[in-house]
$ cat entry_7.cif   # mmCIF, C-alpha atoms
data_query
#
loop_
_atom_site.label_atom_id
_atom_site.label_comp_id
_atom_site.auth_asym_id
_atom_site.auth_seq_id
_atom_site.Cartn_x
_atom_site.Cartn_y
_atom_site.Cartn_z
CA MET I 1 -10.55 -22.27 3.20
CA PRO I 2 -12.52 -20.91 6.17
CA VAL I 3 -10.58 -19.56 9.15
CA PRO I 4 -11.26 -21.70 12.24
CA VAL I 5 -13.12 -19.78 14.95
CA VAL I 6 -12.91 -19.75 18.73
CA ASP I 7 -16.08 -18.43 20.40
CA ALA I 8 -14.81 -16.75 23.57
CA TRP I 9 -18.23 -16.08 25.15
CA MET I 10 -21.04 -18.59 24.86
CA GLN I 11 -22.95 -21.00 27.02
CA HIS I 12 -24.89 -24.18 26.54
CA PRO I 13 -28.03 -23.17 28.43
CA THR I 14 -30.06 -25.02 31.01
CA PRO I 15 -33.81 -24.34 31.26
CA ARG I 16 -33.36 -22.49 34.56
CA HIS I 17 -30.81 -20.23 32.84
CA LEU I 18 -32.58 -19.45 29.57
CA ASN I 19 -36.07 -19.27 31.12
CA HIS I 20 -35.11 -16.82 33.88
CA GLU I 21 -37.27 -13.70 34.08
CA MET I 22 -34.26 -11.38 33.78
CA PHE I 23 -33.73 -12.59 30.19
CA ALA I 24 -37.23 -11.58 29.08
CA SER I 25 -35.82 -8.56 27.22
CA LEU I 26 -33.27 -10.72 25.39
CA ARG I 27 -35.89 -13.28 24.43
CA ARG I 28 -38.03 -10.44 23.09
CA TRP I 29 -35.15 -8.98 21.04
CA THR I 30 -33.84 -12.26 19.68
CA GLY I 31 -37.01 -14.30 19.26
CA LEU I 32 -35.73 -17.05 21.56
CA THR I 33 -38.32 -19.18 23.29
CA THR I 34 -38.16 -20.75 26.72
CA LEU I 35 -37.02 -24.35 27.09
CA ASP I 36 -39.51 -27.03 28.09
CA ALA I 37 -36.73 -29.61 28.46
CA PRO I 38 -32.90 -29.60 28.52
CA LEU I 39 -31.38 -28.59 25.19
CA PRO I 40 -29.32 -31.39 23.61
CA VAL I 41 -25.63 -30.55 23.34
CA GLU I 42 -25.85 -31.56 19.68
CA VAL I 43 -28.02 -28.50 18.98
CA THR I 44 -25.28 -26.22 20.26
CA LEU I 45 -22.60 -28.10 18.34
CA GLU I 46 -24.59 -27.70 15.12
CA ALA I 47 -24.88 -23.96 15.72
CA LEU I 48 -21.11 -23.75 16.26
CA ALA I 49 -20.34 -25.82 13.17
CA GLU I 50 -22.47 -23.53 11.01
CA ALA I 51 -19.90 -20.76 11.62
CA ASP I 52 -16.77 -22.99 11.55
CA VAL I 53 -16.36 -22.64 15.32
CA GLU I 54 -13.80 -25.25 16.31
CA THR I 55 -13.85 -24.36 20.01
CA GLY I 56 -16.61 -22.82 22.11
CA LEU I 57 -15.77 -21.61 25.61
CA SER I 58 -18.91 -22.74 27.40
CA ALA I 59 -19.44 -20.97 30.72
CA ALA I 60 -21.14 -21.69 33.99
CA TRP I 61 -23.45 -19.06 35.50
CA TYR I 62 -23.49 -18.47 39.25
CA GLY I 63 -25.57 -15.77 40.92
CA PRO I 64 -26.94 -14.95 44.36
CA GLN I 65 -29.78 -17.41 43.77
CA GLY I 66 -27.37 -20.26 43.06
CA PRO I 67 -26.06 -21.81 39.85
CA LEU I 68 -28.14 -21.27 36.73
CA ILE I 69 -25.56 -23.44 34.96
CA SER I 70 -23.27 -25.28 37.36
CA ASN I 71 -19.63 -26.17 36.81
CA ASP I 72 -20.50 -29.86 36.87
CA GLU I 73 -23.21 -29.33 34.25
CA VAL I 74 -20.67 -27.55 32.05
CA ALA I 75 -18.22 -30.42 32.55
CA ALA I 76 -20.92 -32.84 31.39
CA PHE I 77 -21.61 -30.72 28.28
CA VAL I 78 -17.88 -30.61 27.51
CA ALA I 79 -17.61 -34.39 27.90
CA ARG I 80 -20.38 -34.86 25.30
CA SER I 81 -18.95 -32.34 22.83
CA GLY I 82 -16.20 -34.39 21.22
CA GLY I 83 -13.63 -31.73 22.08
CA ARG I 84 -15.61 -28.81 20.60
CA LEU I 85 -16.42 -27.22 23.99
CA ARG I 86 -14.05 -26.10 26.73
CA GLY I 87 -15.28 -25.18 30.17
CA VAL I 88 -15.28 -21.75 31.81
CA ALA I 89 -15.93 -21.81 35.54
CA GLY I 90 -18.41 -19.87 37.62
CA ALA I 91 -18.17 -19.13 41.34
CA ASP I 92 -20.34 -18.08 44.28
CA LEU I 93 -19.04 -14.66 45.32
CA ALA I 94 -20.94 -14.77 48.60
CA ARG I 95 -18.74 -17.65 49.85
CA PRO I 96 -15.18 -16.55 49.10
CA MET I 97 -13.24 -19.58 50.34
CA GLU I 98 -15.71 -22.02 48.81
CA ALA I 99 -15.48 -20.03 45.56
CA VAL I 100 -11.68 -20.28 45.47
CA ARG I 101 -11.76 -24.00 46.20
CA GLU I 102 -14.37 -24.53 43.49
CA LEU I 103 -12.31 -22.57 40.97
CA ARG I 104 -9.25 -24.67 41.79
CA ARG I 105 -11.31 -27.84 41.34
CA ALA I 106 -12.76 -26.61 38.04
CA VAL I 107 -9.33 -25.82 36.60
CA GLY I 108 -7.32 -28.62 38.20
CA GLU I 109 -9.81 -31.50 37.97
CA LEU I 110 -12.31 -30.52 35.30
CA GLY I 111 -9.81 -28.88 32.92
CA PHE I 112 -11.58 -25.51 32.69
CA VAL I 113 -9.65 -22.69 31.02
CA ALA I 114 -11.00 -19.52 32.68
CA LEU I 115 -13.31 -18.00 35.28
CA ARG I 116 -16.30 -15.89 34.31
CA ILE I 117 -18.31 -13.70 36.65
CA VAL I 118 -21.10 -11.43 35.41
CA PRO I 119 -21.13 -8.41 37.77
CA TRP I 120 -24.67 -7.26 37.06
CA LEU I 121 -25.94 -10.66 38.16
CA TRP I 122 -24.52 -9.93 41.62
CA GLN I 123 -25.07 -6.14 41.44
CA LEU I 124 -21.49 -5.87 42.71
CA PRO I 125 -18.79 -4.09 40.65
CA PRO I 126 -15.58 -5.99 39.85
CA THR I 127 -13.73 -3.94 42.49
CA ASP I 128 -15.82 -5.36 45.31
CA ARG I 129 -13.68 -7.16 47.90
CA LEU I 130 -15.51 -10.46 47.30
CA TYR I 131 -13.86 -10.80 43.88
CA TYR I 132 -10.29 -10.32 45.05
CA PRO I 133 -9.53 -13.82 46.37
CA LEU I 134 -10.66 -15.16 43.00
CA TYR I 135 -8.36 -12.77 41.12
CA ALA I 136 -5.40 -14.02 43.15
CA ALA I 137 -6.44 -17.62 42.46
CA CYS I 138 -6.71 -16.93 38.71
CA VAL I 139 -3.16 -15.57 38.71
CA ASP I 140 -1.91 -18.61 40.62
CA LEU I 141 -3.73 -20.98 38.28
CA GLY I 142 -2.71 -19.13 35.13
CA VAL I 143 -6.27 -18.67 33.83
CA PRO I 144 -8.01 -15.49 32.61
CA PHE I 145 -10.83 -13.73 34.40
CA CYS I 146 -13.75 -13.08 32.03
CA THR I 147 -16.36 -10.45 32.82
CA GLN I 148 -19.03 -8.27 31.25
CA VAL I 149 -18.59 -4.61 30.36
CA GLY I 150 -21.07 -2.10 28.97
CA HIS I 151 -24.75 -1.69 29.57
CA THR I 152 -26.88 -4.58 30.77
CA GLY I 153 -29.33 -6.00 28.24
CA PRO I 154 -31.16 -8.13 30.82
CA LEU I 155 -33.41 -6.35 33.27
CA ARG I 156 -30.72 -5.42 35.78
CA PRO I 157 -28.75 -2.18 36.48
CA SER I 158 -25.84 -1.30 34.16
CA GLU I 159 -23.44 0.58 36.45
CA THR I 160 -21.30 -2.49 37.22
CA GLY I 161 -20.28 -2.61 33.52
CA ARG I 162 -18.20 0.59 33.55
CA PRO I 163 -14.64 -0.05 32.28
CA ILE I 164 -13.49 3.05 34.19
CA PRO I 165 -13.12 2.88 37.14
CA TYR I 166 -13.70 -0.86 37.59
CA ILE I 167 -11.60 -2.73 35.02
CA ASP I 168 -8.89 -0.08 35.22
CA GLN I 169 -8.65 -0.54 39.00
CA ILE I 170 -8.50 -4.33 39.05
CA ALA I 171 -5.81 -4.26 36.34
CA LEU I 172 -3.80 -1.86 38.53
CA ASP I 173 -4.30 -4.06 41.60
CA PHE I 174 -3.53 -7.31 39.73
CA PRO I 175 -1.17 -6.54 36.83
CA GLU I 176 -0.51 -10.28 36.36
CA LEU I 177 -4.23 -11.02 35.94
CA THR I 178 -5.49 -11.52 32.38
CA VAL I 179 -8.91 -9.87 32.05
CA VAL I 180 -11.18 -10.54 29.06
CA CYS I 181 -14.00 -8.01 28.89
CA GLY I 182 -17.07 -9.30 27.06
CA HIS I 183 -19.80 -7.31 25.32
CA ILE I 184 -17.53 -4.53 23.92
CA GLY I 185 -18.30 -1.97 26.63
CA TYR I 186 -20.95 0.05 24.77
CA PRO I 187 -21.86 2.85 25.44
CA TRP I 188 -18.43 3.21 27.11
CA THR I 189 -16.50 1.65 24.20
CA THR I 190 -13.93 4.45 24.10
CA GLU I 191 -13.27 3.90 27.82
CA MET I 192 -12.88 0.17 27.20
CA ILE I 193 -10.36 0.74 24.40
CA ALA I 194 -8.41 3.16 26.62
CA VAL I 195 -8.22 0.57 29.41
CA ALA I 196 -7.13 -2.17 26.97
CA ASP I 197 -4.44 0.15 25.60
CA LYS I 198 -3.25 1.03 29.11
CA HIS I 199 -2.97 -2.49 30.50
CA PRO I 200 -1.08 -5.28 28.63
CA ASN I 201 -3.30 -8.03 30.06
CA VAL I 202 -6.73 -6.50 29.35
CA TYR I 203 -8.66 -7.66 26.27
CA ILE I 204 -12.06 -7.08 24.66
CA ASP I 205 -14.46 -9.68 23.26
CA THR I 206 -17.28 -8.81 20.89
CA SER I 207 -20.01 -11.03 22.34
CA ALA I 208 -23.64 -9.88 22.28
CA TYR I 209 -23.05 -7.87 19.08
CA THR I 210 -23.26 -8.75 15.42
CA THR I 211 -20.48 -7.37 13.24
CA ARG I 212 -22.83 -4.74 11.79
CA ARG I 213 -23.38 -3.35 15.29
CA TYR I 214 -19.72 -2.98 16.29
CA PRO I 215 -19.11 0.68 17.21
CA ALA I 216 -16.95 2.50 14.67
CA GLU I 217 -14.21 3.15 17.23
CA LEU I 218 -13.93 -0.59 17.94
CA VAL I 219 -13.65 -1.43 14.23
CA GLU I 220 -10.90 1.18 13.83
CA TYR I 221 -9.10 -0.27 16.87
CA LEU I 222 -9.43 -3.81 15.55
CA ARG I 223 -8.02 -2.82 12.16
CA GLY I 224 -5.02 -1.12 13.73
CA ARG I 225 -3.24 -1.17 17.08
CA GLY I 226 -5.89 -3.38 18.71
CA ARG I 227 -5.53 -6.36 16.37
CA ARG I 228 -4.01 -8.46 19.19
CA LYS I 229 -6.49 -7.14 21.76
CA VAL I 230 -9.93 -8.08 20.39
CA LEU I 231 -11.50 -11.56 20.38
CA PHE I 232 -14.64 -12.89 18.77
CA GLY I 233 -17.50 -13.95 21.00
CA SER I 234 -21.13 -14.61 20.13
CA ASN I 235 -23.15 -14.81 23.38
CA TYR I 236 -24.83 -17.98 22.07
CA PRO I 237 -27.67 -18.91 22.42
CA MET I 238 -28.82 -15.27 22.48
CA ILE I 239 -26.94 -14.76 19.17
CA THR I 240 -25.63 -17.65 17.09
CA PRO I 241 -22.03 -17.44 15.87
CA ALA I 242 -23.22 -17.52 12.25
CA ARG I 243 -25.48 -14.52 12.79
CA ALA I 244 -22.79 -12.67 14.75
CA LEU I 245 -20.29 -13.11 11.89
CA GLU I 246 -22.68 -12.72 8.96
CA HIS I 247 -21.14 -9.46 7.71
CA LEU I 248 -17.54 -10.02 8.79
CA ALA I 249 -16.20 -9.09 5.34
CA ASP I 250 -17.66 -5.60 5.72
CA LEU I 251 -15.16 -4.85 8.52
CA GLY I 252 -12.33 -4.68 6.00
CA LEU I 253 -9.87 -6.76 8.02
CA ASP I 254 -6.71 -8.10 6.43
CA ASP I 255 -5.94 -11.83 6.61
CA GLU I 256 -3.66 -11.58 9.65
CA THR I 257 -6.16 -9.53 11.63
CA THR I 258 -9.02 -11.83 10.67
CA GLU I 259 -7.11 -14.87 11.98
CA LEU I 260 -6.16 -13.10 15.21
CA PHE I 261 -9.70 -11.89 15.78
CA LEU I 262 -11.43 -15.19 15.02
CA SER I 263 -9.07 -17.57 16.81
CA GLY I 264 -5.43 -16.57 17.21
CA ASN I 265 -5.89 -14.17 20.11
CA ALA I 266 -8.17 -16.57 21.97
CA ARG I 267 -5.79 -19.49 21.51
CA ARG I 268 -2.97 -17.42 22.96
CA ILE I 269 -4.93 -15.89 25.84
CA PHE I 270 -6.74 -19.07 26.94
CA ARG I 271 -3.80 -21.36 26.11
CA LEU I 272 -5.92 -23.56 23.86
#

$ encode --input "entry_7.cif" --output "structure tokens"
Amino acid sequence: MPVPVVDAWMQHPTPRHLNHEMFASLRRWTGLTTLDAPLPVEVTLEALAEADVETGLSAAWYGPQGPLISNDEVAAFVARSGGRLRGVAGADLARPMEAVRELRRAVGELGFVALRIVPWLWQLPPTDRLYYPLYAACVDLGVPFCTQVGHTGPLRPSETGRPIPYIDQIALDFPELTVVCGHIGYPWTTEMIAVADKHPNVYIDTSAYTTRRYPAELVEYLRGRGRRKVLFGSNYPMITPARALEHLADLGLDDETTELFLSGNARRIFRL
């Protein structure tokens, strides 16, 4: 019987998100085409079902130019998903009080389970002062902060994705904050593992990588002491969950680790 899957990093795209010029490199690598019209939620649900994904954490995208996927759009996608999608909020860093109020609305009224901010989109590292009111709000609300680590595939600078010093510092400043670091951290994977080892509330998700492309040090970590620290994510629609997990058996995970990786850790961390 297949192990149910939670996809910790995905999004149901809008045309203004998927068609943005900064994703030209990803479209080239993945063969994705631009959208001429909104993508039906059913298309995303079919892609999740193909890989036995029972829950997809569908995120909003907010950047300096405004929302590429708004919180209300995500709420509408979730409402049409029959319980298969859960919302992850976005926020406008440039307006700190408005951002905190919007996060509280997203969690309290819309039922969202986390906040995600992509630092390269803002070209501001996670230690920038504009993030800190949101970290405090996440702790108060009991929801994780999700962010990107590692190099930037889209055509933006990569420096904001360094696990050290950035993730290390925010975990020191907010030890009660749960931080889920998407995209593995490559080429700083060893740094990312060190930070996850150091801080009890720091985790790694594997989004944007297929299992065949996981760095060897991450696979070793996942098989051993990191089995409760690593979560599956796909980065759909850039990579479908089925493609991301196509060679899962090659990782050599035991049954307990497989369950934790595919769903158990995410259920615990996001309180699903």

$ atom_distance --input "entry_7.cif" --atom1 "atom CA of Val5 of chain I" --atom2 "atom CA of Arg271 of chain I"
14.6 Å

$ residues_near_point --input "entry_7.cif" --point "(-7.1, -0.5, 34.4)" --cutoff "7 Å" --atoms "only C-alpha atoms" --output "list in words"
Ile167, Asp168, Gln169, Ile170, Ala171, Leu172, Val195, Lys198 and His199 of chain I

$ write_last_selection --input "entry_7.cif" --atoms "C-alpha atoms" --output "compact mmCIF listing (two decimals), in the frame of the given file"
# COMPACT_ATOMS: atom_id res chain seq x y z
CA ILE I 167 -11.60 -2.73 35.02
CA ASP I 168 -8.89 -0.08 35.22
CA GLN I 169 -8.65 -0.54 39.00
CA ILE I 170 -8.50 -4.33 39.05
CA ALA I 171 -5.81 -4.26 36.34
CA LEU I 172 -3.80 -1.86 38.53
CA VAL I 195 -8.22 0.57 29.41
CA LYS I 198 -3.25 1.03 29.11
CA HIS I 199 -2.97 -2.49 30.50

$ closest_residue --input "entry_7.cif" --among "I:Phe77, I:Phe261, I:Tyr214, I:Trp61" --to "Thr147 of chain I" --atoms "only C-alpha atoms"
I:Trp61

$ resolve_selection --input "entry_7.cif" --expression "the PyMOL selection byres ((chain I and resi 201) around 8)" --output "PDB file with C-alpha atoms, in the frame of the given file"
ATOM      1  CA  ALA I 171      -5.810  -4.260  36.340  1.00  0.00           C
ATOM      2  CA  PRO I 175      -1.170  -6.540  36.830  1.00  0.00           C
ATOM      3  CA  GLU I 176      -0.510 -10.280  36.360  1.00  0.00           C
ATOM      4  CA  LEU I 177      -4.230 -11.020  35.940  1.00  0.00           C
ATOM      5  CA  THR I 178      -5.490 -11.520  32.380  1.00  0.00           C
ATOM      6  CA  VAL I 179      -8.910  -9.870  32.050  1.00  0.00           C
ATOM      7  CA  ALA I 196      -7.130  -2.170  26.970  1.00  0.00           C
ATOM      8  CA  HIS I 199      -2.970  -2.490  30.500  1.00  0.00           C
ATOM      9  CA  PRO I 200      -1.080  -5.280  28.630  1.00  0.00           C
ATOM     10  CA  VAL I 202      -6.730  -6.500  29.350  1.00  0.00           C
ATOM     11  CA  TYR I 203      -8.660  -7.660  26.270  1.00  0.00           C
TER      12      TYR I 203
END

$ resolve_selection --input "entry_7.cif" --expression "the PyMOL selection byres ((chain I and resi 204) around 7)" --output "PyMOL selection string"
chain I and resi 180-182+184+203+205-206+229-231

$ residues_around --input "entry_7.cif" --residues "segment 107-124 of chain I" --least-positions-apart "3" --cutoff "9 Å" --atoms "only C-alpha atoms" --output "MDAnalysis selection string"
chainID I and resid 57 59:64 71:72 75 86:91 93 102:104 127:128 130:131 134 138 141:149 152 156:161 270:272

$ residues_around --input "entry_7.cif" --residues "Arg243 of chain I" --least-positions-apart "4" --cutoff "9 Å" --atoms "only C-alpha atoms" --output "list in words"
Ala51, Thr210, Thr211, Ser234, Ile239 and His247 of chain I

$ atom_distance --input "entry_7.cif" --atom1 "atom CA of Leu39 of chain I" --atom2 "atom CA of Ala79 of chain I"
15.2 Å

$ build_atoms --input "entry_7.cif" --residues "segment 55-72 of chain I" --atoms "N, CA and C atoms" --output "mmCIF file, in the frame of the given file"
data_model
loop_
_atom_site.group_PDB
_atom_site.id
_atom_site.type_symbol
_atom_site.label_atom_id
_atom_site.label_comp_id
_atom_site.auth_asym_id
_atom_site.auth_seq_id
_atom_site.Cartn_x
_atom_site.Cartn_y
_atom_site.Cartn_z
ATOM 1 N N THR I 55 -13.853 -24.299 18.565
ATOM 2 C CA THR I 55 -13.850 -24.360 20.010
ATOM 3 C C THR I 55 -14.798 -23.302 20.573
ATOM 4 N N GLY I 56 -15.738 -23.743 21.394
ATOM 5 C CA GLY I 56 -16.610 -22.820 22.110
ATOM 6 C C GLY I 56 -16.276 -22.864 23.588
ATOM 7 N N LEU I 57 -16.075 -21.691 24.182
ATOM 8 C CA LEU I 57 -15.770 -21.610 25.610
ATOM 9 C C LEU I 57 -17.093 -21.487 26.363
ATOM 10 N N SER I 58 -17.572 -22.630 26.830
ATOM 11 C CA SER I 58 -18.910 -22.740 27.400
ATOM 12 C C SER I 58 -18.848 -22.468 28.902
ATOM 13 N N ALA I 59 -19.593 -21.467 29.355
ATOM 14 C CA ALA I 59 -19.440 -20.970 30.720
ATOM 15 C C ALA I 59 -20.552 -21.417 31.643
ATOM 16 N N ALA I 60 -20.182 -21.540 32.901
ATOM 17 C CA ALA I 60 -21.140 -21.690 33.990
ATOM 18 C C ALA I 60 -21.680 -20.308 34.371
ATOM 19 N N TRP I 61 -22.821 -20.298 35.012
ATOM 20 C CA TRP I 61 -23.450 -19.060 35.500
ATOM 21 C C TRP I 61 -23.804 -19.237 36.959
ATOM 22 N N TYR I 62 -23.166 -18.463 37.826
ATOM 23 C CA TYR I 62 -23.490 -18.470 39.250
ATOM 24 C C TYR I 62 -23.947 -17.081 39.661
ATOM 25 N N GLY I 63 -25.063 -17.028 40.393
ATOM 26 C CA GLY I 63 -25.570 -15.770 40.920
ATOM 27 C C GLY I 63 -26.000 -15.935 42.364
ATOM 28 N N PRO I 64 -26.529 -14.879 42.958
ATOM 29 C CA PRO I 64 -26.940 -14.950 44.360
ATOM 30 C C PRO I 64 -27.989 -16.037 44.627
ATOM 31 N N GLN I 65 -28.743 -16.393 43.600
ATOM 32 C CA GLN I 65 -29.780 -17.410 43.770
ATOM 33 C C GLN I 65 -29.256 -18.821 43.569
ATOM 34 N N GLY I 66 -27.951 -18.940 43.303
ATOM 35 C CA GLY I 66 -27.370 -20.260 43.060
ATOM 36 C C GLY I 66 -26.971 -20.419 41.605
ATOM 37 N N PRO I 67 -26.527 -21.609 41.225
ATOM 38 C CA PRO I 67 -26.060 -21.810 39.850
ATOM 39 C C PRO I 67 -27.216 -21.946 38.861
ATOM 40 N N LEU I 68 -27.216 -21.097 37.840
ATOM 41 C CA LEU I 68 -28.140 -21.270 36.730
ATOM 42 C C LEU I 68 -27.597 -22.290 35.739
ATOM 43 N N ILE I 69 -26.276 -22.368 35.653
ATOM 44 C CA ILE I 69 -25.560 -23.440 34.960
ATOM 45 C C ILE I 69 -24.373 -23.771 35.857
ATOM 46 N N SER I 70 -24.321 -24.954 36.402
ATOM 47 C CA SER I 70 -23.270 -25.280 37.360
ATOM 48 C C SER I 70 -21.989 -25.730 36.642
ATOM 49 N N ASN I 71 -20.896 -25.694 37.373
ATOM 50 C CA ASN I 71 -19.630 -26.170 36.810
ATOM 51 C C ASN I 71 -19.718 -27.641 36.414
ATOM 52 N N ASP I 72 -20.385 -28.441 37.215
ATOM 53 C CA ASP I 72 -20.500 -29.860 36.870
ATOM 54 C C ASP I 72 -21.379 -30.067 35.645
#
